[in-house]
file work-v9.tsv (TSV, C-alpha atoms and all ligand atoms)
chain	number	residue	atom	x	y	z
A	130	MET	CA	-32.37	10.53	27.94
A	131	LYS	CA	-29.14	11.15	26.04
A	132	VAL	CA	-28.53	8.44	23.45
A	133	GLU	CA	-24.87	8.06	22.55
A	134	ALA	CA	-23.88	6.99	19.04
A	135	PRO	CA	-21.99	3.69	19.06
A	136	ARG	CA	-18.30	4.41	19.51
A	137	THR	CA	-17.33	2.83	16.21
A	138	LEU	CA	-19.68	5.11	14.25
A	139	VAL	CA	-18.13	8.16	15.88
A	140	HIS	CA	-14.71	6.75	15.07
A	141	TYR	CA	-15.60	6.22	11.42
A	142	TRP	CA	-17.09	9.70	11.15
A	143	LYS	CA	-14.13	11.49	12.78
A	144	PHE	CA	-11.68	9.47	10.71
A	145	LEU	CA	-13.57	10.33	7.50
A	146	VAL	CA	-13.51	14.03	8.39
A	147	ALA	CA	-9.76	13.82	9.12
A	148	GLY	CA	-9.26	11.98	5.82
A	149	LEU	CA	-11.06	14.74	3.91
A	150	VAL	CA	-9.65	17.75	5.76
A	151	GLU	CA	-6.10	16.48	6.32
A	152	GLN	CA	-5.85	14.25	3.27
A	153	GLY	CA	-2.08	13.88	3.00
A	154	GLN	CA	-1.58	13.45	6.73
A	155	THR	CA	-4.35	10.89	7.20
A	156	GLY	CA	-3.77	8.94	4.00
A	157	ALA	CA	-7.10	7.07	4.14
A	158	LEU	CA	-10.82	7.64	4.52
A	159	ILE	CA	-11.59	4.69	6.77
A	160	PRO	CA	-9.59	3.00	9.52
A	161	SER	CA	-7.72	-0.24	8.79
A	162	GLN	CA	-9.81	-3.36	8.95
A	163	ARG	CA	-9.21	-6.58	10.80
A	164	PHE	CA	-7.29	-8.56	8.11
A	165	LEU	CA	-4.71	-5.81	7.82
A	166	VAL	CA	-4.55	-5.27	11.57
A	167	LYS	CA	-4.09	-9.01	12.11
A	168	ARG	CA	-1.19	-9.05	9.63
A	169	MET	CA	0.39	-6.03	11.27
A	170	ILE	CA	0.36	-7.36	14.82
A	171	SER	CA	0.96	-11.07	14.16
A	172	PRO	CA	4.79	-10.95	14.69
A	173	VAL	CA	4.37	-9.60	18.24
A	174	PRO	CA	4.35	-12.55	20.65
A	175	ARG	CA	1.23	-12.71	22.83
A	176	ASP	CA	3.38	-12.81	25.98
A	177	TYR	CA	5.58	-9.88	24.95
A	178	SER	CA	6.12	-7.71	28.02
A	179	GLY	CA	8.23	-4.85	26.69
A	180	VAL	CA	7.39	-1.58	24.97
A	181	ILE	CA	5.60	-1.31	21.63
A	182	VAL	CA	5.49	2.02	19.82
A	183	GLU	CA	2.64	2.65	17.43
A	184	LEU	CA	3.02	5.60	15.05
A	185	GLY	CA	-0.08	7.10	13.45
A	186	ALA	CA	-2.58	5.36	15.72
A	187	GLY	CA	-5.61	7.18	14.27
A	188	THR	CA	-8.80	6.15	16.06
A	189	GLY	CA	-7.14	3.02	17.45
A	190	SER	CA	-8.33	0.21	15.23
A	191	LEU	CA	-4.91	-1.42	15.61
A	192	THR	CA	-4.15	-0.11	19.09
A	193	THR	CA	-7.03	-1.81	20.88
A	194	ARG	CA	-6.47	-5.15	19.10
A	195	LEU	CA	-2.79	-4.99	19.93
A	196	ALA	CA	-3.63	-4.29	23.57
A	197	ALA	CA	-5.95	-7.30	23.61
A	198	ARG	CA	-3.29	-9.53	22.04
A	199	CYS	CA	-0.46	-8.43	24.33
A	200	PRO	CA	-1.85	-7.85	27.85
A	201	ASN	CA	1.66	-7.56	29.35
A	202	ALA	CA	3.04	-5.01	26.92
A	203	ARG	CA	3.23	-1.24	27.37
A	204	ILE	CA	1.97	0.48	24.24
A	205	MET	CA	2.89	4.04	23.28
A	206	ALA	CA	0.38	5.19	20.67
A	207	CYS	CA	1.52	8.33	18.87
A	208	GLU	CA	-0.99	10.35	16.85
A	209	ILE	CA	-0.40	13.78	15.32
A	210	ASN	CA	-4.07	14.76	14.86
A	211	PRO	CA	-5.20	16.15	18.25
A	212	GLU	CA	-8.86	15.32	17.65
A	213	LEU	CA	-8.13	11.67	16.80
A	214	ALA	CA	-5.69	11.46	19.71
A	215	ARG	CA	-8.36	12.75	22.10
A	216	LEU	CA	-10.93	10.29	20.78
A	217	LEU	CA	-8.46	7.43	21.18
A	218	GLU	CA	-7.61	8.49	24.70
A	219	GLN	CA	-11.30	8.55	25.67
A	220	ASP	CA	-11.87	5.16	24.10
A	221	LEU	CA	-8.90	3.61	25.92
A	222	ALA	CA	-10.16	5.01	29.23
A	223	ALA	CA	-13.64	3.58	28.57
A	224	ARG	CA	-12.04	0.18	27.92
A	225	ASN	CA	-9.83	0.44	31.03
A	226	LEU	CA	-6.74	0.18	28.87
A	227	ASN	CA	-5.25	3.55	29.73
A	228	SER	CA	-2.88	2.22	32.38
A	229	ARG	CA	-0.91	0.25	29.79
A	230	VAL	CA	-1.69	2.11	26.56
A	231	HIS	CA	-0.49	5.71	26.50
A	232	VAL	CA	-1.49	8.22	23.86
A	233	ILE	CA	1.14	10.69	22.70
A	234	ALA	CA	-0.58	13.53	20.87
A	235	ASP	CA	2.43	14.59	18.85
A	236	ALA	CA	4.31	14.05	15.61
A	237	ALA	CA	6.19	10.75	15.44
A	238	GLU	CA	9.41	12.60	14.59
A	239	GLU	CA	9.14	14.66	17.80
A	240	TYR	CA	8.31	11.66	19.95
A	241	LEU	CA	11.15	9.54	18.55
A	242	ALA	CA	13.60	12.41	19.04
A	243	ARG	CA	12.69	12.52	22.75
A	244	LEU	CA	13.55	8.83	23.28
A	245	GLY	CA	16.89	9.13	25.01
A	246	PRO	CA	19.46	6.45	25.72
A	247	SER	CA	17.89	5.87	29.14
A	248	SER	CA	14.39	5.16	27.70
A	249	GLN	CA	13.29	1.56	27.46
A	250	ARG	CA	13.67	0.78	23.76
A	251	PRO	CA	10.66	-0.66	21.94
A	252	GLY	CA	10.97	-4.21	20.59
A	253	PHE	CA	8.44	-3.25	17.93
A	254	VAL	CA	7.59	-0.04	16.09
A	255	ILE	CA	4.31	-0.40	14.22
A	256	SER	CA	3.36	2.38	11.85
A	257	GLY	CA	0.40	3.44	9.76
A	258	ILE	CA	1.89	6.83	8.85
A	259	PRO	CA	1.21	7.38	5.13
A	260	LEU	CA	4.83	7.57	3.95
A	261	GLY	CA	3.76	7.93	0.33
A	262	THR	CA	2.27	11.37	0.96
A	263	LEU	CA	5.40	12.74	2.69
A	264	PRO	CA	8.39	14.36	0.96
A	265	GLY	CA	11.18	11.84	0.35
A	266	ASP	CA	13.68	13.46	2.72
A	267	VAL	CA	11.09	13.45	5.54
A	268	VAL	CA	10.51	9.71	4.98
A	269	THR	CA	14.25	9.03	5.01
A	270	ARG	CA	14.65	10.88	8.33
A	271	LEU	CA	11.60	9.22	9.89
A	272	VAL	CA	12.71	5.71	8.87
A	273	ALA	CA	16.22	6.46	10.19
A	274	ALA	CA	14.74	7.61	13.53
A	275	ILE	CA	12.68	4.40	13.75
A	276	ARG	CA	15.79	2.33	13.03
A	277	GLU	CA	17.66	4.24	15.73
A	278	ALA	CA	14.88	3.60	18.28
A	279	LEU	CA	14.94	-0.17	17.76
A	280	PRO	CA	17.37	-2.46	19.58
A	281	PRO	CA	19.14	-5.24	17.66
A	282	GLY	CA	16.51	-7.85	16.78
A	283	GLY	CA	13.68	-5.31	17.03
A	284	MET	CA	11.14	-5.05	14.25
A	285	TYR	CA	9.64	-2.15	12.29
A	286	ILE	CA	6.23	-2.98	10.83
A	287	GLN	CA	4.69	-0.53	8.36
A	288	PHE	CA	1.65	-0.64	6.14
A	289	GLN	CA	1.25	1.31	2.94
A	290	HIS	CA	-1.19	1.42	0.05
A	291	SER	CA	1.60	1.55	-2.52
A	292	LEU	CA	5.21	0.41	-2.76
A	293	ILE	CA	6.54	3.92	-3.45
A	294	ASP	CA	8.60	4.16	-0.28
A	295	ARG	CA	9.72	0.57	0.10
A	296	LYS	CA	13.13	1.50	-1.34
A	297	ARG	CA	13.74	3.94	1.52
A	298	VAL	CA	12.88	1.27	4.09
A	299	MET	CA	15.17	-1.22	2.31
A	300	GLU	CA	18.02	1.29	2.37
A	301	ALA	CA	17.75	1.61	6.16
A	302	PHE	CA	17.11	-2.03	7.12
A	303	SER	CA	19.06	-5.13	6.09
A	304	SER	CA	15.97	-7.34	5.93
A	305	VAL	CA	12.56	-6.27	4.61
A	306	ARG	CA	9.74	-8.72	3.91
A	307	THR	CA	6.67	-7.41	2.05
A	308	VAL	CA	3.25	-9.02	2.33
A	309	PRO	CA	0.19	-7.85	0.35
A	310	VAL	CA	-3.13	-7.67	2.17
A	311	LEU	CA	-5.81	-7.69	-0.50
A	312	LEU	CA	-8.70	-8.04	1.94
A	313	ASN	CA	-8.44	-4.45	3.14
A	314	VAL	CA	-10.19	-1.42	1.68
A	315	PRO	CA	-8.08	-0.14	0.02
A	316	PRO	CA	-5.67	-3.11	-0.37
A	317	ALA	CA	-2.38	-2.65	1.42
A	318	PHE	CA	1.20	-3.91	1.72
A	319	VAL	CA	2.85	-4.66	5.03
A	320	TYR	CA	6.63	-4.31	5.44
A	321	TYR	CA	8.39	-6.25	8.20
A	322	ALA	CA	11.84	-4.71	8.58
A	323	GLN	CA	14.79	-5.67	10.79
A	324	LYS	CA	18.26	-4.18	11.11
A	401	LIG	C1	-3.61	5.69	7.40
A	401	LIG	S1	-4.00	6.40	8.98
A	401	LIG	C2	-3.82	4.95	10.00
A	401	LIG	C3	-4.64	5.02	11.25
A	401	LIG	C4	-4.71	3.71	12.05
A	401	LIG	N1	-3.40	3.25	12.43
A	401	LIG	C5	-5.39	2.66	11.23
A	401	LIG	O1	-4.68	1.73	10.79
A	401	LIG	O2	-6.61	2.74	11.03
A	401	LIG	C6	-2.54	7.32	9.34
A	401	LIG	C7	-2.54	8.05	10.67
A	401	LIG	O3	-1.24	8.59	10.89
A	401	LIG	C8	-1.36	9.87	11.49
A	401	LIG	N2	-0.12	10.60	11.19
A	401	LIG	C9	0.29	11.12	10.01
A	401	LIG	N3	1.50	11.66	10.12
A	401	LIG	C10	1.89	11.47	11.40
A	401	LIG	C11	3.07	11.81	12.13
A	401	LIG	N4	4.08	12.45	11.56
A	401	LIG	N5	3.13	11.47	13.43
A	401	LIG	C12	2.10	10.82	14.04
A	401	LIG	N6	0.97	10.48	13.40
A	401	LIG	C13	0.86	10.79	12.10
A	401	LIG	C14	-2.60	10.45	10.82
A	401	LIG	O4	-3.16	11.52	11.54
A	401	LIG	C15	-3.51	9.22	10.75
A	401	LIG	O5	-4.30	9.10	11.89

call {"tool": "encode", "arguments": {"input": "work-v9.tsv", "output": "structure tokens", "more": "lines below"}}
Ligand SMILES: C[S@@+](CC[C@H](N)C(=O)[O-])C[C@H]1O[C@@H](n2cnc3c(N)ncnc32)[C@H](O)[C@@H]1O
result
Amino acid sequence: MKVEAPRTLVHYWKFLVAGLVEQGQTGALIPSQRFLVKRMISPVPRDYSGVIVELGAGTGSLTTRLAARCPNARIMACEINPELARLLEQDLAARNLNSRVHVIADAAEEYLARLGPSSQRPGFVISGIPLGTLPGDVVTRLVAAIREALPPGGMYIQFQHSLIDRKRVMEAFSSVRTVPVLLNVPPAFVYYAQK
């Protein structure tokens, strides 16, 4: 009889490998834990029924909790690492979430560039992309593309393990609130930004 490893162990293992092999791109060795995830998704109303874009979904530690919190929302989960994207897709299918959570196995920049004027704009863009490991001009362009994608009143939520790139977010958004989350390994900061 084939014994499958619990899904979370596989997730932790694949994430660790990604964190070691693609250090700069992954920006962590373990997925975000529940205190950080809770902080990240708390501004999204439970009855929100629009589109939510998640950038850098990894193995889906935030994605699945967001889907549970917002059963009426359509979630677009973008992940650049094809192996992590595939794992997330399989996990969503196993949880019967794949009709309302869609995995985009691509770079956030590419995905955001494809969002045309006729696309339904996301009320929330939630990102775990490690901005601190990217060149400054790439961060500036990415943050500008996120701003562009949001409608007035929309919110950009980003976590980081340092405050290095907060200035770039503050340059693009008129309001940025920063909340530390010490109960995460490693501790993190969450930015809540609005135009
Ligand atoms: C710090 S991990 C966060 C993963 C997950 N959201 C979590 O909180 O556990 C960052 C993730 O962003 C992905 N990533 C990095 N650059 C990206 C990009 N340009 N577009 C999409 N995903 C990206 C990485 O592959 C990695 O899975």

call {"tool": "residues_near_ligand", "arguments": {"input": "work-v9.tsv", "ligand": "ligand LIG 401 (chain A)", "cutoff": "7 Å", "atoms": "all atoms listed in the file", "output": "count of residues only"}}
result
28

call {"tool": "residues_around", "arguments": {"input": "work-v9.tsv", "residues": "Lys296 (chain A)", "least_positions_apart": "5", "cutoff": "12 Å", "atoms": "only C-alpha atoms", "output": "ChimeraX atom specification"}}
result
/A:260-261,265,268-269,272,291,301-307,320,322

call {"tool": "atom_distance", "arguments": {"input": "work-v9.tsv", "atom1": "CA of His140 (chain A)", "atom2": "CA of Met205 (chain A)"}}
result
19.6 Å

call {"tool": "atom_distance", "arguments": {"input": "work-v9.tsv", "atom1": "CA of Met284 (chain A)", "atom2": "CA of Val232 (chain A)"}}
result
20.7 Å

call {"tool": "closest_residue", "arguments": {"input": "work-v9.tsv", "among": "A:Ala222, A:Ile233, A:Ile170, A:Leu217", "to": "Arg198 (chain A)", "atoms": "only C-alpha atoms"}}
result
A:Ile170

call {"tool": "closest_residue", "arguments": {"input": "work-v9.tsv", "among": "A:Phe288, A:Ile181, A:Arg224, A:Arg194", "to": "Pro315 (chain A)", "atoms": "only C-alpha atoms"}}
result
A:Phe288

call {"tool": "axis_aligned_box", "arguments": {"input": "work-v9.tsv", "around": "region 198-215 of chain A", "padding_each_side": "6 Å", "output": "lines of an AutoDock Vina configuration file"}}
result
center_x = -2.8
center_y = 3.3
center_z = 22.1
size_x = 24.1
size_y = 37.7
size_z = 26.5

call {"tool": "closest_residue", "arguments": {"input": "work-v9.tsv", "among": "A:Tyr141, A:Tyr240, A:Tyr285, A:Phe253", "to": "Gln162 (chain A)", "atoms": "only C-alpha atoms"}}
result
A:Tyr141

call {"tool": "residues_near_point", "arguments": {"input": "work-v9.tsv", "point": "(3.2, -2.1, 21.2)", "cutoff": "12 Å", "atoms": "only C-alpha atoms", "output": "PyMOL selection string"}}
result
chain A and resi 169-184+186+191-207+229-232+250-256+283-286

call {"tool": "closest_residue", "arguments": {"input": "work-v9.tsv", "among": "A:Val139, A:Phe318, A:Pro281, A:Leu149", "to": "Gln219 (chain A)", "atoms": "only C-alpha atoms"}}
result
A:Val139

call {"tool": "build_atoms", "arguments": {"input": "work-v9.tsv", "residues": "region 148-164 of chain A", "atoms": "N, CA, C and O atoms", "output": "mmCIF file, in the coordinates of the input"}}
result
data_model
loop_
_atom_site.group_PDB
_atom_site.id
_atom_site.type_symbol
_atom_site.label_atom_id
_atom_site.label_comp_id
_atom_site.auth_asym_id
_atom_site.auth_seq_id
_atom_site.Cartn_x
_atom_site.Cartn_y
_atom_site.Cartn_z
ATOM 1 N N GLY A 148 -9.735 12.404 7.141
ATOM 2 C CA GLY A 148 -9.260 11.980 5.820
ATOM 3 C C GLY A 148 -9.583 12.998 4.742
ATOM 4 O O GLY A 148 -8.836 13.131 3.772
ATOM 5 N N LEU A 149 -10.677 13.738 4.913
ATOM 6 C CA LEU A 149 -11.060 14.740 3.910
ATOM 7 C C LEU A 149 -10.350 16.067 4.156
ATOM 8 O O LEU A 149 -9.876 16.711 3.234
ATOM 9 N N VAL A 150 -10.247 16.445 5.437
ATOM 10 C CA VAL A 150 -9.650 17.750 5.760
ATOM 11 C C VAL A 150 -8.119 17.705 5.718
ATOM 12 O O VAL A 150 -7.467 18.611 5.221
ATOM 13 N N GLU A 151 -7.567 16.625 6.260
ATOM 14 C CA GLU A 151 -6.100 16.480 6.320
ATOM 15 C C GLU A 151 -5.717 15.281 5.457
ATOM 16 O O GLU A 151 -5.174 14.283 5.957
ATOM 17 N N GLN A 152 -5.999 15.396 4.165
ATOM 18 C CA GLN A 152 -5.850 14.250 3.270
ATOM 19 C C GLN A 152 -4.463 13.596 3.313
ATOM 20 O O GLN A 152 -4.345 12.402 3.557
ATOM 21 N N GLY A 153 -3.437 14.414 3.076
ATOM 22 C CA GLY A 153 -2.080 13.880 3.000
ATOM 23 C C GLY A 153 -1.651 13.264 4.314
ATOM 24 O O GLY A 153 -1.027 12.199 4.347
ATOM 25 N N GLN A 154 -2.003 13.916 5.400
ATOM 26 C CA GLN A 154 -1.580 13.450 6.730
ATOM 27 C C GLN A 154 -2.295 12.166 7.132
ATOM 28 O O GLN A 154 -1.715 11.282 7.745
ATOM 29 N N THR A 155 -3.573 12.053 6.765
ATOM 30 C CA THR A 155 -4.350 10.890 7.200
ATOM 31 C C THR A 155 -4.138 9.708 6.261
ATOM 32 O O THR A 155 -4.017 8.555 6.705
ATOM 33 N N GLY A 156 -4.134 9.979 4.967
ATOM 34 C CA GLY A 156 -3.770 8.940 4.000
ATOM 35 C C GLY A 156 -4.836 7.878 3.768
ATOM 36 O O GLY A 156 -4.572 6.879 3.113
ATOM 37 N N ALA A 157 -6.030 8.055 4.328
ATOM 38 C CA ALA A 157 -7.100 7.070 4.140
ATOM 39 C C ALA A 157 -8.425 7.731 4.523
ATOM 40 O O ALA A 157 -8.435 8.791 5.157
ATOM 41 N N LEU A 158 -9.511 7.100 4.142
ATOM 42 C CA LEU A 158 -10.820 7.640 4.520
ATOM 43 C C LEU A 158 -11.509 6.783 5.577
ATOM 44 O O LEU A 158 -12.443 7.225 6.241
ATOM 45 N N ILE A 159 -11.047 5.551 5.705
ATOM 46 C CA ILE A 159 -11.590 4.690 6.770
ATOM 47 C C ILE A 159 -10.443 3.994 7.497
ATOM 48 O O ILE A 159 -9.379 3.756 6.910
ATOM 49 N N PRO A 160 -10.655 3.671 8.766
ATOM 50 C CA PRO A 160 -9.590 3.000 9.520
ATOM 51 C C PRO A 160 -9.286 1.616 8.940
ATOM 52 O O PRO A 160 -10.117 1.033 8.235
ATOM 53 N N SER A 161 -8.107 1.109 9.261
ATOM 54 C CA SER A 161 -7.720 -0.240 8.790
ATOM 55 C C SER A 161 -8.683 -1.278 9.336
ATOM 56 O O SER A 161 -9.172 -1.164 10.456
ATOM 57 N N GLN A 162 -8.894 -2.313 8.526
ATOM 58 C CA GLN A 162 -9.810 -3.360 8.950
ATOM 59 C C GLN A 162 -9.055 -4.587 9.489
ATOM 60 O O GLN A 162 -7.838 -4.642 9.412
ATOM 61 N N ARG A 163 -9.822 -5.548 9.955
ATOM 62 C CA ARG A 163 -9.210 -6.580 10.800
ATOM 63 C C ARG A 163 -8.162 -7.456 10.096
ATOM 64 O O ARG A 163 -7.198 -7.867 10.721
ATOM 65 N N PHE A 164 -8.303 -7.711 8.773
ATOM 66 C CA PHE A 164 -7.290 -8.560 8.110
ATOM 67 C C PHE A 164 -5.936 -7.873 8.122
ATOM 68 O O PHE A 164 -4.912 -8.489 8.389
#
